[in-house]
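Worksheet: one structure, shown below.
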Amino acid sequence: MMAVVAAGTNRIDPYVIPALDGVAYGLLVFVAASGLVFCFGVANILNLAHGTLYAIGGYTAAALLDGGWASLALALAVGVLAAGAAGVLLAGLLTPVATGNHLTQALLTFGVALAGGSLLVAGFGPDDPQVRVPAALEGSVVVAGHRYAAYRLVFIVVAAAIAAALYLVVRRTRAGMLVRAAVDDAEMVACLGVSPARIRAGVLAAAGALAGAAGVLGAPIIGPGTDTADTVLLLSLVVVVLGGLGSMAGTLLAALAIGEIQTLGVALLPSAAPFLLFAAMAAVLAVRARGLASRWGAT
Amino acid sequence: MRDEVIRRARGAVAALVLAGLVVAPWVVDDYTTAILARTLALALVGVSVALLTGVAGMPTLGQTAPYAAGAYACVVVGSRISDVGVVQLAVAAGAGAVLAALTVPLVVHARGVIVLMITLAIGELVVTILGRWRSVTGGTDGLAGMPAVRPFWGLPPLASDQARYLYTLVVVATLVGAALLLLRTRAGLLLRAGRDDETRLRASGHRVPLHVSGAHIAAGAIAGGAGSLLVVAQQYISPADFGFDTSALLLLGVVIGGTASIGGALVGAALVIAVRDWLFGVLPGHAPLVLGALFVATVYLLPSGVNRARVRLRASSAAPSHPQAPPARDAATVPELRA
């Protein structure tokens with residue numbers, strides 16, 4: 001009996017750590033992608049500069065973190081403010097472009113991403129900088145008989161708290177109500193006297209702040225570098241595509257699934273690793289093509 | 001009358017440009033000839049983007065995916081099976097079409113900006129796969145050292161930059177001509193109709209998803225063929241050739257050219273790629289910054305492409321005789337999601 005249990009644990013054993021990593025990764029992608037979901041769902045903007053907003057947070061963390069708690073708080077504040085300000089700047093640049101002209105909006109945000117990425121590299125150098133986590137979290141803790149990086153464990157808790165706070169804000173506050181109303185019927189919200197330009201600026205600022213927070217806190221997981229913006233944008237896009245729109249739960253599920261695919265999937269099927277993300281997207285979209293189309297058509 | 005003048009002027013300009021392209025390799029140096037050949041290949045991808053974005057109403061940022069599939073298929077065939085250009089072109093176009101066919105279920109039910117998002121994800125995933133699937137693609141180091149291509153059985157291999165350029169030019173002209181002819185048929189008419197009023201076309205019994213799938217696969221084949229031309233022109237490929245910025249540049253070129261115009265797409269894409277190459281030569285460190293600023297400036301200056309003004313002009317001049325004339329939709333911006 002004991003032997004069976006032991007054998008069972010052993011079979012699962014090597015995958016405990018990748019699975020836990022997948023949760024951390026998934027929650028990070030969720031926080032980063034939720035900004036893109038807001039941009040897209042509320043302001044109807046495909047923001048191709050979203051990855052660059054994350055990179056701003058990441059570079060801030062690399063520049064400011066020195067191993068103490070105060071520096072973490074400072075980096076978080078600076079990163080959130082800087083990325084939020086970049087979001088407002090983006091909203092300002094988008095104002096003259098006709099609303100509903102998605103193609104030119106996407107091209108404009110891409111231009112901003114290109115220029116912003118170049119500025120970041122000019123400011124922080126072309127090499128991927130090192131990120132120092134607070135000294136107290138540098139070690140590892142024992143989880144179910146395995147050593148696991150303490151920072152990631154704390155990150156899981158913090159990111160889950162951010163997700164919960166986000167849920168409460170969207171569900172319970174007036175700003176959240178406006179956001180949900182704008183997703184359902186933006187024209188009606190405008191008729192009620194809320195300026196669409198203000199909603200757009202607010203949403204882009206919030207999206208920037210979320211991406212900045214994800215960038216600072218997630219810097220030890222998806223670190224700043226020249227590829228960061230592309231990676232985060234790709235993962236966020238896949239999350240948006242898989243999770244549909246307007247549903248926080250769908251976004252969260254999609255993000256966690258992507259986290260597990262990127263970690264547990266790679267551990268289980270190393271040879272098929274490059275194709276897993278593609279296959280997941282294809283499978284979900286093919287199965288739900290009709291349903292997704294109708295839901296998207298309604299927004 | 002005015003239409004006639006415009007049509008003739010357009011034909012004259014096209015003939016002039018073509019003549020200029022034919023004599024170009026004897027006027028400019030070898031390096032510029034090689035760059036021109038690569039620009040032609042990218043302009044052909046731009047044509048496939050215009051076919052989807054403007055004609056079928058499916059704005060795409062993912063045509064680099066079939067382009068890459070064609071290029072890598074061409075390298076594999078070229079170094080192991082055959083050095084005949086026509087065979088490589090056919091295999092590359094086939095590979096592009098197959099990849100496009102595989103992704104049809106992902107895009108066929110989506111419209112407008114959702115397609116932009118899904119195709120972008122597809123393009124990025126393909127680049128990721130190219131970087132990691134080392135056994136076939138050589139990873140991020142890329143592939144080089146293909147034997148010289150001979151255009152047809154019995155012909156000598158293309159040994160100089162001029163020969164490679166002329167081969168590229170002939171293939172691009174043939175494929176663009178074929179695409180233009182195809183768009184003049186009923187198929188082109190149905191695609192445009194589906195873009196302009198899908199509900200009405202569906203109501204009259206047409207299968208719009210089928211048309212869209214066909215356009216997607218045809219555009220994939222064109223992009224795949226362009227991939228084989230890239231291999232000929234550049235003789236080296238790596239995942240960096242198929243990045244997200246290439247897609248965005250091509251889309252910008254197509255928008256500048258007026259989304260639905262094939263000729264405009266050729267010119268616009270070639271212009272944008274030329275500006276990029278020039279910038280990277282002149283300002284090695286800050287090219288992306290300037291390029292990004294140019295993107296923003298272009299969007300402000302030409303919100304919907306230069307073609308639109310001309311079409312509007314034509315529509316207003318035709319208005320007195322046809323008070324009920326439908327608005328000129330050909331160069332209009334892409335129709336967006338409808339509730």
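Just remember, in the structure tokens the first chain shown is A, the second B, etc., residues are 1-based per chain, and ligands are 1-based in the order shown.
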What are the residues of chain B lining chain A at 8 Å or less? Count only C-alpha atoms, and put the answer as a compact mmCIF listing (two decimals) with all heavy atoms, in the first residue's frame.
```
# COMPACT_ATOMS: atom_id res chain seq x y z
N PRO B 59 -8.07 42.50 -42.29
CA PRO B 59 -6.77 43.14 -42.04
C PRO B 59 -5.83 42.15 -41.36
O PRO B 59 -6.20 41.51 -40.39
CB PRO B 59 -7.11 44.29 -41.09
CG PRO B 59 -8.40 43.92 -40.49
CD PRO B 59 -9.14 43.11 -41.50
N THR B 103 -4.46 27.59 -40.97
CA THR B 103 -4.91 28.64 -40.06
C THR B 103 -6.28 29.20 -40.44
O THR B 103 -6.79 30.07 -39.74
CB THR B 103 -3.89 29.79 -40.02
OG1 THR B 103 -3.61 30.20 -41.36
CG2 THR B 103 -2.60 29.36 -39.36
N PRO B 105 -9.28 27.90 -40.07
CA PRO B 105 -10.30 27.81 -39.02
C PRO B 105 -10.14 28.87 -37.94
O PRO B 105 -11.10 29.23 -37.28
CB PRO B 105 -10.07 26.41 -38.41
CG PRO B 105 -9.27 25.68 -39.41
CD PRO B 105 -8.51 26.66 -40.19
N LEU B 106 -8.91 29.40 -37.78
CA LEU B 106 -8.70 30.40 -36.73
C LEU B 106 -9.28 31.76 -37.13
O LEU B 106 -9.69 32.53 -36.28
CB LEU B 106 -7.21 30.58 -36.45
CG LEU B 106 -6.42 29.34 -36.04
CD1 LEU B 106 -4.98 29.72 -35.73
CD2 LEU B 106 -7.04 28.73 -34.81
N HIS B 109 -14.02 32.95 -39.06
CA HIS B 109 -15.25 33.47 -38.45
C HIS B 109 -15.06 34.84 -37.82
O HIS B 109 -16.01 35.46 -37.40
CB HIS B 109 -15.77 32.49 -37.40
CG HIS B 109 -16.25 31.22 -38.01
ND1 HIS B 109 -17.33 31.16 -38.85
CD2 HIS B 109 -15.77 29.97 -37.94
CE1 HIS B 109 -17.50 29.93 -39.26
NE2 HIS B 109 -16.56 29.18 -38.73
N ALA B 110 -13.82 35.29 -37.74
CA ALA B 110 -13.56 36.59 -37.14
C ALA B 110 -13.55 37.65 -38.23
O ALA B 110 -13.36 37.35 -39.40
CB ALA B 110 -12.23 36.57 -36.41
N VAL B 113 -10.87 43.93 -36.48
CA VAL B 113 -9.66 44.02 -35.68
C VAL B 113 -9.31 42.68 -35.00
O VAL B 113 -8.17 42.43 -34.66
CB VAL B 113 -9.80 45.16 -34.65
CG1 VAL B 113 -10.79 44.82 -33.60
CG2 VAL B 113 -8.46 45.53 -34.06
N MET B 117 -5.62 40.74 -34.63
CA MET B 117 -5.04 40.18 -33.41
C MET B 117 -4.65 38.72 -33.60
O MET B 117 -3.55 38.30 -33.23
CB MET B 117 -6.11 40.30 -32.32
CG MET B 117 -5.59 40.38 -30.97
SD MET B 117 -6.81 41.15 -29.93
CE MET B 117 -8.13 40.00 -29.97
N ILE B 118 -5.56 37.94 -34.19
CA ILE B 118 -5.28 36.51 -34.35
C ILE B 118 -4.12 36.30 -35.32
O ILE B 118 -3.21 35.50 -35.06
CB ILE B 118 -6.54 35.77 -34.84
CG1 ILE B 118 -7.63 35.85 -33.77
CG2 ILE B 118 -6.22 34.32 -35.14
CD1 ILE B 118 -8.93 35.22 -34.18
N ALA B 121 -0.87 37.02 -33.67
CA ALA B 121 -0.45 35.91 -32.80
C ALA B 121 0.10 34.76 -33.64
O ALA B 121 1.13 34.16 -33.30
CB ALA B 121 -1.63 35.45 -31.95
N ILE B 122 -0.54 34.45 -34.76
CA ILE B 122 -0.06 33.36 -35.62
C ILE B 122 1.34 33.68 -36.13
O ILE B 122 2.25 32.85 -36.07
CB ILE B 122 -1.03 33.14 -36.80
CG1 ILE B 122 -2.36 32.59 -36.31
CG2 ILE B 122 -0.42 32.17 -37.83
CD1 ILE B 122 -3.43 32.53 -37.38
N GLU B 124 3.62 35.69 -34.90
CA GLU B 124 4.62 35.66 -33.84
C GLU B 124 4.94 34.23 -33.41
O GLU B 124 6.09 33.89 -33.15
CB GLU B 124 4.11 36.45 -32.63
CG GLU B 124 4.11 37.93 -32.83
CD GLU B 124 5.45 38.54 -32.49
OE1 GLU B 124 5.68 38.86 -31.33
OE2 GLU B 124 6.28 38.68 -33.41
N LEU B 125 3.89 33.39 -33.36
CA LEU B 125 4.12 32.00 -32.96
C LEU B 125 4.98 31.29 -33.99
O LEU B 125 5.86 30.50 -33.64
CB LEU B 125 2.78 31.27 -32.79
CG LEU B 125 2.04 31.58 -31.51
CD1 LEU B 125 0.66 30.97 -31.52
CD2 LEU B 125 2.82 31.07 -30.32
N THR B 128 8.47 32.24 -33.38
CA THR B 128 8.98 31.53 -32.20
C THR B 128 9.37 30.11 -32.57
O THR B 128 10.43 29.61 -32.17
CB THR B 128 7.89 31.50 -31.11
OG1 THR B 128 7.35 32.81 -30.97
CG2 THR B 128 8.45 31.04 -29.79
N ILE B 129 8.51 29.45 -33.34
CA ILE B 129 8.80 28.07 -33.74
C ILE B 129 10.07 28.03 -34.59
O ILE B 129 10.93 27.17 -34.40
CB ILE B 129 7.60 27.48 -34.51
CG1 ILE B 129 6.44 27.25 -33.54
CG2 ILE B 129 7.98 26.18 -35.19
CD1 ILE B 129 5.17 26.83 -34.22
N ARG B 132 13.11 28.02 -32.51
CA ARG B 132 13.37 26.90 -31.60
C ARG B 132 13.53 25.56 -32.30
O ARG B 132 14.10 24.63 -31.73
CB ARG B 132 12.21 26.77 -30.60
CG ARG B 132 12.17 27.95 -29.68
CD ARG B 132 11.52 27.58 -28.37
NE ARG B 132 11.12 28.78 -27.65
CZ ARG B 132 9.98 28.87 -27.01
NH1 ARG B 132 9.14 27.88 -27.00
NH2 ARG B 132 9.69 29.97 -26.36
N TRP B 133 13.01 25.44 -33.52
CA TRP B 133 13.01 24.14 -34.20
C TRP B 133 14.33 24.00 -34.95
O TRP B 133 14.39 24.00 -36.16
CB TRP B 133 11.83 24.08 -35.16
CG TRP B 133 11.49 22.72 -35.65
CD1 TRP B 133 11.99 21.53 -35.21
CD2 TRP B 133 10.56 22.40 -36.70
NE1 TRP B 133 11.43 20.50 -35.92
CE2 TRP B 133 10.56 21.00 -36.82
CE3 TRP B 133 9.75 23.16 -37.53
CZ2 TRP B 133 9.75 20.35 -37.76
CZ3 TRP B 133 8.95 22.52 -38.46
CH2 TRP B 133 8.95 21.13 -38.56
N ALA B 248 4.19 44.76 -39.69
CA ALA B 248 3.64 46.09 -39.46
C ALA B 248 4.06 47.04 -40.57
O ALA B 248 3.26 47.85 -41.04
CB ALA B 248 4.09 46.61 -38.10
N LEU B 251 2.00 46.32 -43.59
CA LEU B 251 0.63 46.82 -43.43
C LEU B 251 0.60 48.34 -43.62
O LEU B 251 -0.31 48.88 -44.27
CB LEU B 251 0.08 46.42 -42.06
CG LEU B 251 -1.40 46.68 -41.87
CD1 LEU B 251 -2.22 45.91 -42.88
CD2 LEU B 251 -1.85 46.30 -40.47
N LEU B 252 1.61 49.02 -43.08
CA LEU B 252 1.68 50.47 -43.27
C LEU B 252 1.79 50.79 -44.76
O LEU B 252 1.11 51.69 -45.26
CB LEU B 252 2.88 51.05 -42.51
CG LEU B 252 3.03 52.57 -42.64
CD1 LEU B 252 1.94 53.27 -41.86
CD2 LEU B 252 4.38 53.05 -42.19
N HIS B 286 19.87 54.66 -34.12
CA HIS B 286 18.57 55.24 -33.78
C HIS B 286 17.51 55.00 -34.83
O HIS B 286 16.46 55.64 -34.81
CB HIS B 286 18.72 56.74 -33.53
CG HIS B 286 19.70 57.04 -32.45
ND1 HIS B 286 19.39 56.87 -31.12
CD2 HIS B 286 20.99 57.45 -32.48
CE1 HIS B 286 20.44 57.17 -30.39
NE2 HIS B 286 21.44 57.52 -31.19
N PRO B 288 15.26 52.60 -35.29
CA PRO B 288 13.90 52.27 -34.85
C PRO B 288 13.16 53.48 -34.31
O PRO B 288 11.96 53.62 -34.53
CB PRO B 288 14.12 51.23 -33.75
CG PRO B 288 15.46 50.68 -33.99
CD PRO B 288 16.27 51.78 -34.60
N LEU B 289 13.91 54.36 -33.62
CA LEU B 289 13.27 55.55 -33.06
C LEU B 289 12.69 56.42 -34.18
O LEU B 289 11.52 56.82 -34.15
CB LEU B 289 14.31 56.34 -32.25
CG LEU B 289 13.80 57.59 -31.54
CD1 LEU B 289 12.73 57.24 -30.54
CD2 LEU B 289 14.95 58.31 -30.85
N VAL B 290 13.51 56.69 -35.19
CA VAL B 290 13.06 57.52 -36.31
C VAL B 290 11.94 56.82 -37.07
O VAL B 290 10.94 57.43 -37.46
CB VAL B 290 14.25 57.84 -37.24
CG1 VAL B 290 13.78 58.68 -38.40
CG2 VAL B 290 15.35 58.52 -36.48
N LEU B 291 12.10 55.51 -37.24
CA LEU B 291 11.08 54.74 -37.96
C LEU B 291 9.74 54.82 -37.22
O LEU B 291 8.68 55.00 -37.83
CB LEU B 291 11.55 53.29 -38.08
CG LEU B 291 10.90 52.46 -39.16
CD1 LEU B 291 11.12 53.07 -40.51
CD2 LEU B 291 11.47 51.05 -39.12
N GLY B 292 9.80 54.69 -35.89
CA GLY B 292 8.57 54.78 -35.09
C GLY B 292 7.93 56.14 -35.24
O GLY B 292 6.71 56.25 -35.42
N ALA B 293 8.75 57.19 -35.19
CA ALA B 293 8.22 58.54 -35.35
C ALA B 293 7.60 58.70 -36.74
O ALA B 293 6.53 59.32 -36.88
CB ALA B 293 9.33 59.56 -35.13
N LEU B 294 8.25 58.11 -37.74
CA LEU B 294 7.70 58.20 -39.10
C LEU B 294 6.36 57.47 -39.19
O LEU B 294 5.44 57.93 -39.88
CB LEU B 294 8.68 57.58 -40.10
CG LEU B 294 9.83 58.47 -40.55
CD1 LEU B 294 10.71 57.73 -41.53
CD2 LEU B 294 9.29 59.74 -41.19
N PHE B 295 6.25 56.35 -38.49
CA PHE B 295 4.98 55.62 -38.43
C PHE B 295 3.87 56.56 -37.95
O PHE B 295 2.83 56.69 -38.58
CB PHE B 295 5.10 54.47 -37.43
CG PHE B 295 5.12 53.12 -38.06
CD1 PHE B 295 6.30 52.56 -38.47
CD2 PHE B 295 3.95 52.42 -38.22
CE1 PHE B 295 6.32 51.30 -39.04
CE2 PHE B 295 3.96 51.17 -38.79
CZ PHE B 295 5.14 50.61 -39.21
N VAL B 296 4.14 57.21 -36.81
CA VAL B 296 3.12 58.08 -36.21
C VAL B 296 2.80 59.22 -37.17
O VAL B 296 1.63 59.52 -37.43
CB VAL B 296 3.63 58.62 -34.85
CG1 VAL B 296 2.63 59.60 -34.27
CG2 VAL B 296 3.87 57.47 -33.90
N VAL B 299 0.70 58.04 -40.10
CA VAL B 299 -0.69 57.81 -39.72
C VAL B 299 -1.45 59.12 -39.66
O VAL B 299 -2.59 59.22 -40.10
CB VAL B 299 -0.74 57.05 -38.38
CG1 VAL B 299 -2.14 57.08 -37.80
CG2 VAL B 299 -0.27 55.63 -38.56
N TYR B 300 -0.79 60.18 -39.15
CA TYR B 300 -1.46 61.47 -39.08
C TYR B 300 -1.69 62.07 -40.47
O TYR B 300 -2.73 62.63 -40.75
CB TYR B 300 -0.64 62.46 -38.24
CG TYR B 300 -0.76 62.24 -36.77
CD1 TYR B 300 0.21 62.64 -35.89
CD2 TYR B 300 -1.88 61.59 -36.25
CE1 TYR B 300 0.11 62.42 -34.53
CE2 TYR B 300 -2.00 61.36 -34.90
CZ TYR B 300 -1.00 61.77 -34.04
OH TYR B 300 -1.13 61.55 -32.71
N PRO B 303 -4.37 59.31 -43.11
CA PRO B 303 -5.16 58.41 -42.26
C PRO B 303 -5.72 57.22 -43.01
O PRO B 303 -5.89 56.16 -42.48
CB PRO B 303 -6.27 59.29 -41.72
CG PRO B 303 -5.97 60.66 -42.13
CD PRO B 303 -4.92 60.64 -43.19
N SER B 304 -6.05 57.38 -44.29
CA SER B 304 -6.60 56.21 -44.98
C SER B 304 -6.00 56.03 -46.36
O SER B 304 -6.65 55.51 -47.25
CB SER B 304 -8.10 56.27 -45.03
OG SER B 304 -8.53 57.59 -44.83
N THR B 333 -11.48 52.64 -45.72
CA THR B 333 -10.79 51.87 -44.69
C THR B 333 -11.54 50.56 -44.49
O THR B 333 -12.68 50.41 -44.91
CB THR B 333 -10.78 52.65 -43.38
OG1 THR B 333 -12.10 53.12 -43.17
CG2 THR B 333 -9.81 53.79 -43.44
N VAL B 334 -10.84 49.65 -43.85
CA VAL B 334 -11.39 48.32 -43.71
C VAL B 334 -12.67 48.37 -42.90
O VAL B 334 -12.74 49.02 -41.87
CB VAL B 334 -10.38 47.46 -42.96
CG1 VAL B 334 -10.93 46.09 -42.73
CG2 VAL B 334 -9.12 47.42 -43.75
N GLU B 336 -15.23 47.51 -40.22
CA GLU B 336 -14.95 46.95 -38.90
C GLU B 336 -16.08 46.03 -38.46
O GLU B 336 -17.00 45.76 -39.22
CB GLU B 336 -14.75 48.10 -37.90
CG GLU B 336 -13.60 48.99 -38.27
CD GLU B 336 -12.25 48.26 -38.23
OE1 GLU B 336 -12.20 47.12 -37.76
OE2 GLU B 336 -11.26 48.85 -38.69
N LEU B 337 -15.98 45.59 -37.25
CA LEU B 337 -16.97 44.66 -36.73
C LEU B 337 -18.36 45.26 -36.80
O LEU B 337 -18.56 46.41 -36.47
CB LEU B 337 -16.67 44.38 -35.26
CG LEU B 337 -15.47 43.52 -35.00
CD1 LEU B 337 -15.24 43.47 -33.52
CD2 LEU B 337 -15.72 42.15 -35.54
N ARG B 338 -19.28 44.44 -37.21
CA ARG B 338 -20.66 44.89 -37.16
C ARG B 338 -21.38 44.09 -36.09
O ARG B 338 -21.13 42.91 -35.91
CB ARG B 338 -21.34 44.65 -38.51
CG ARG B 338 -20.78 45.54 -39.59
CD ARG B 338 -21.49 45.26 -40.89
NE ARG B 338 -20.59 45.58 -41.97
CZ ARG B 338 -19.85 44.68 -42.57
NH1 ARG B 338 -19.89 43.43 -42.21
NH2 ARG B 338 -19.04 45.01 -43.55
N ALA B 339 -22.29 44.75 -35.42
CA ALA B 339 -23.01 44.05 -34.36
C ALA B 339 -23.94 43.02 -34.98
O ALA B 339 -24.39 43.18 -36.09
CB ALA B 339 -23.82 45.04 -33.54
```
Find the residues near range 204-207 of chain B: any atom within 12 Å, counting only C-alpha atoms, skip ones fewer than 4 places away on the same chain, and give them as a PyMOL selection string.
-> chain B and resi 108+187+190-191+193-194+197-200+211-214
Any chance you can output those residues with C-alpha atoms as a PDB file, in the first residue's frame?
```pdb
ATOM      1  CA  VAL B 108     -12.567  32.570 -40.977  1.00  0.00           C
ATOM      2  CA  ALA B 187     -14.251  35.633 -57.670  1.00  0.00           C
ATOM      3  CA  LEU B 190     -17.696  38.241 -54.779  1.00  0.00           C
ATOM      4  CA  LEU B 191     -14.781  38.979 -52.416  1.00  0.00           C
ATOM      5  CA  ALA B 193     -19.102  42.244 -52.186  1.00  0.00           C
ATOM      6  CA  GLY B 194     -18.521  40.113 -49.091  1.00  0.00           C
ATOM      7  CA  ASP B 197     -22.018  43.885 -47.180  1.00  0.00           C
ATOM      8  CA  GLU B 198     -21.585  40.402 -45.857  1.00  0.00           C
ATOM      9  CA  THR B 199     -25.131  39.990 -44.557  1.00  0.00           C
ATOM     10  CA  ARG B 200     -26.659  40.830 -47.898  1.00  0.00           C
ATOM     11  CA  HIS B 211     -14.724  33.030 -50.350  1.00  0.00           C
ATOM     12  CA  VAL B 212     -12.750  34.317 -47.398  1.00  0.00           C
ATOM     13  CA  SER B 213     -11.006  30.961 -46.970  1.00  0.00           C
ATOM     14  CA  GLY B 214     -10.141  30.925 -50.663  1.00  0.00           C
TER      15      GLY B 214
END
```
Residue contacts of range 166-174 of chain B (8 Å, only C-alpha atoms) excluding same-chain residues fewer than 2 positions away, as a list in words |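 Near neighbours after the sequence-gap exclusion: Leu21, Val22, Ala37, Leu40, Ala41, Leu44, Pro151, Gln162, Ala163, Arg164, Val176, Gly177, Ala178, Ala226, Leu229, Val232 and Ala233 of chain B.
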Could you pull out all residues of range 115-225 of chain A with a DSSP call of strand (DSSP E) and give them as a list of chain:residue names?
->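 Answer for range 115-225 of chain A, restricted to strand (DSSP E): A:Ser140, A:Val141, A:Val142, A:Val143, A:His146, A:Arg147, A:Tyr148, A:Ala149.
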Which residues, written as a list in words, have at least one atom at most 9 Å from Gly131 in chain B, with only C-alpha atoms counted and residues fewer than 3 positions away on the same chain left out?
-> Pro274 of chain A; Val126, Val127, Thr128, Arg134, Thr137, Gly138, Gly139, Thr140, Asp141, Gly142, Ser238 and Pro239 of chain B
Can you list, as a PyMOL selection string, every residue of range 56-245 of chain A that DSSP puts in helix (DSSP H, G or I)?
-> chain A and resi 56-64+69-94+102-124+135-137+150-172+174-184+186-191+196-217+228-243
What's the 10 Å shell around Ala149 in chain A, counting only C-alpha atoms, without same-chain residues fewer than 6 positions away, as a PyMOL selection string?
-> chain A and resi 17+21+137-143
Convert the current residue selection to file output with N, CA and C atoms, as a short mmCIF file (atom, residue, chain, number, x, y, z; two decimals), in the first residue's frame.
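Output file result_35.cif is given in full below:
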```cif
data_model
loop_
_atom_site.label_atom_id
_atom_site.label_comp_id
_atom_site.auth_asym_id
_atom_site.auth_seq_id
_atom_site.Cartn_x
_atom_site.Cartn_y
_atom_site.Cartn_z
N ILE A 17 7.17 21.22 -9.30
CA ILE A 17 7.81 22.53 -9.43
C ILE A 17 7.41 23.21 -10.74
N ASP A 21 5.50 26.72 -11.01
CA ASP A 21 6.04 27.78 -11.87
C ASP A 21 4.97 28.25 -12.86
N LEU A 137 13.91 37.48 0.21
CA LEU A 137 13.22 36.53 -0.67
C LEU A 137 14.19 35.83 -1.62
N GLU A 138 15.50 36.02 -1.39
CA GLU A 138 16.46 35.48 -2.33
C GLU A 138 16.58 33.96 -2.24
N GLY A 139 16.36 33.43 -1.02
CA GLY A 139 16.56 31.99 -0.82
C GLY A 139 15.41 31.17 -1.39
N SER A 140 15.36 29.92 -0.92
CA SER A 140 14.26 29.08 -1.37
C SER A 140 13.56 28.49 -0.16
N VAL A 141 12.31 28.10 -0.35
CA VAL A 141 11.55 27.47 0.73
C VAL A 141 11.20 26.06 0.28
N VAL A 142 10.79 25.22 1.22
CA VAL A 142 10.48 23.84 0.89
C VAL A 142 8.98 23.71 0.70
N VAL A 143 8.58 23.28 -0.50
CA VAL A 143 7.16 23.08 -0.80
C VAL A 143 6.98 21.61 -1.16
#
```
Can you tell me, as a list in words, what residues are no more than 7 Å from range 272-282 of chain B when counting only C-alpha atoms, ignoring any on the same chain fewer than 4 positions away?
->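 Result of the neighbour search: Thr39, Leu249, Gly253, Gly268, Ala287 and Leu291 of chain B.
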Same residues, N, CA and C atoms, saved as a tab-separated table (two decimals), in the first residue's frame:
```tsv
chain	number	residue	atom	x	y	z
B	39	THR	N	13.59	43.89	-51.88
B	39	THR	CA	12.44	44.78	-51.75
B	39	THR	C	11.28	44.29	-52.61
B	249	LEU	N	5.34	46.93	-41.01
B	249	LEU	CA	5.80	47.79	-42.10
B	249	LEU	C	5.00	47.53	-43.36
B	253	GLY	N	2.65	50.04	-45.47
B	253	GLY	CA	2.81	50.27	-46.90
B	253	GLY	C	1.50	50.09	-47.64
B	268	GLY	N	3.55	51.15	-52.19
B	268	GLY	CA	3.61	51.52	-50.78
B	268	GLY	C	4.56	50.64	-50.00
B	287	ALA	N	17.77	54.07	-35.74
B	287	ALA	CA	16.81	53.84	-36.82
B	287	ALA	C	15.41	53.49	-36.30
B	291	LEU	N	12.10	55.51	-37.24
B	291	LEU	CA	11.08	54.74	-37.96
B	291	LEU	C	9.74	54.82	-37.22
```
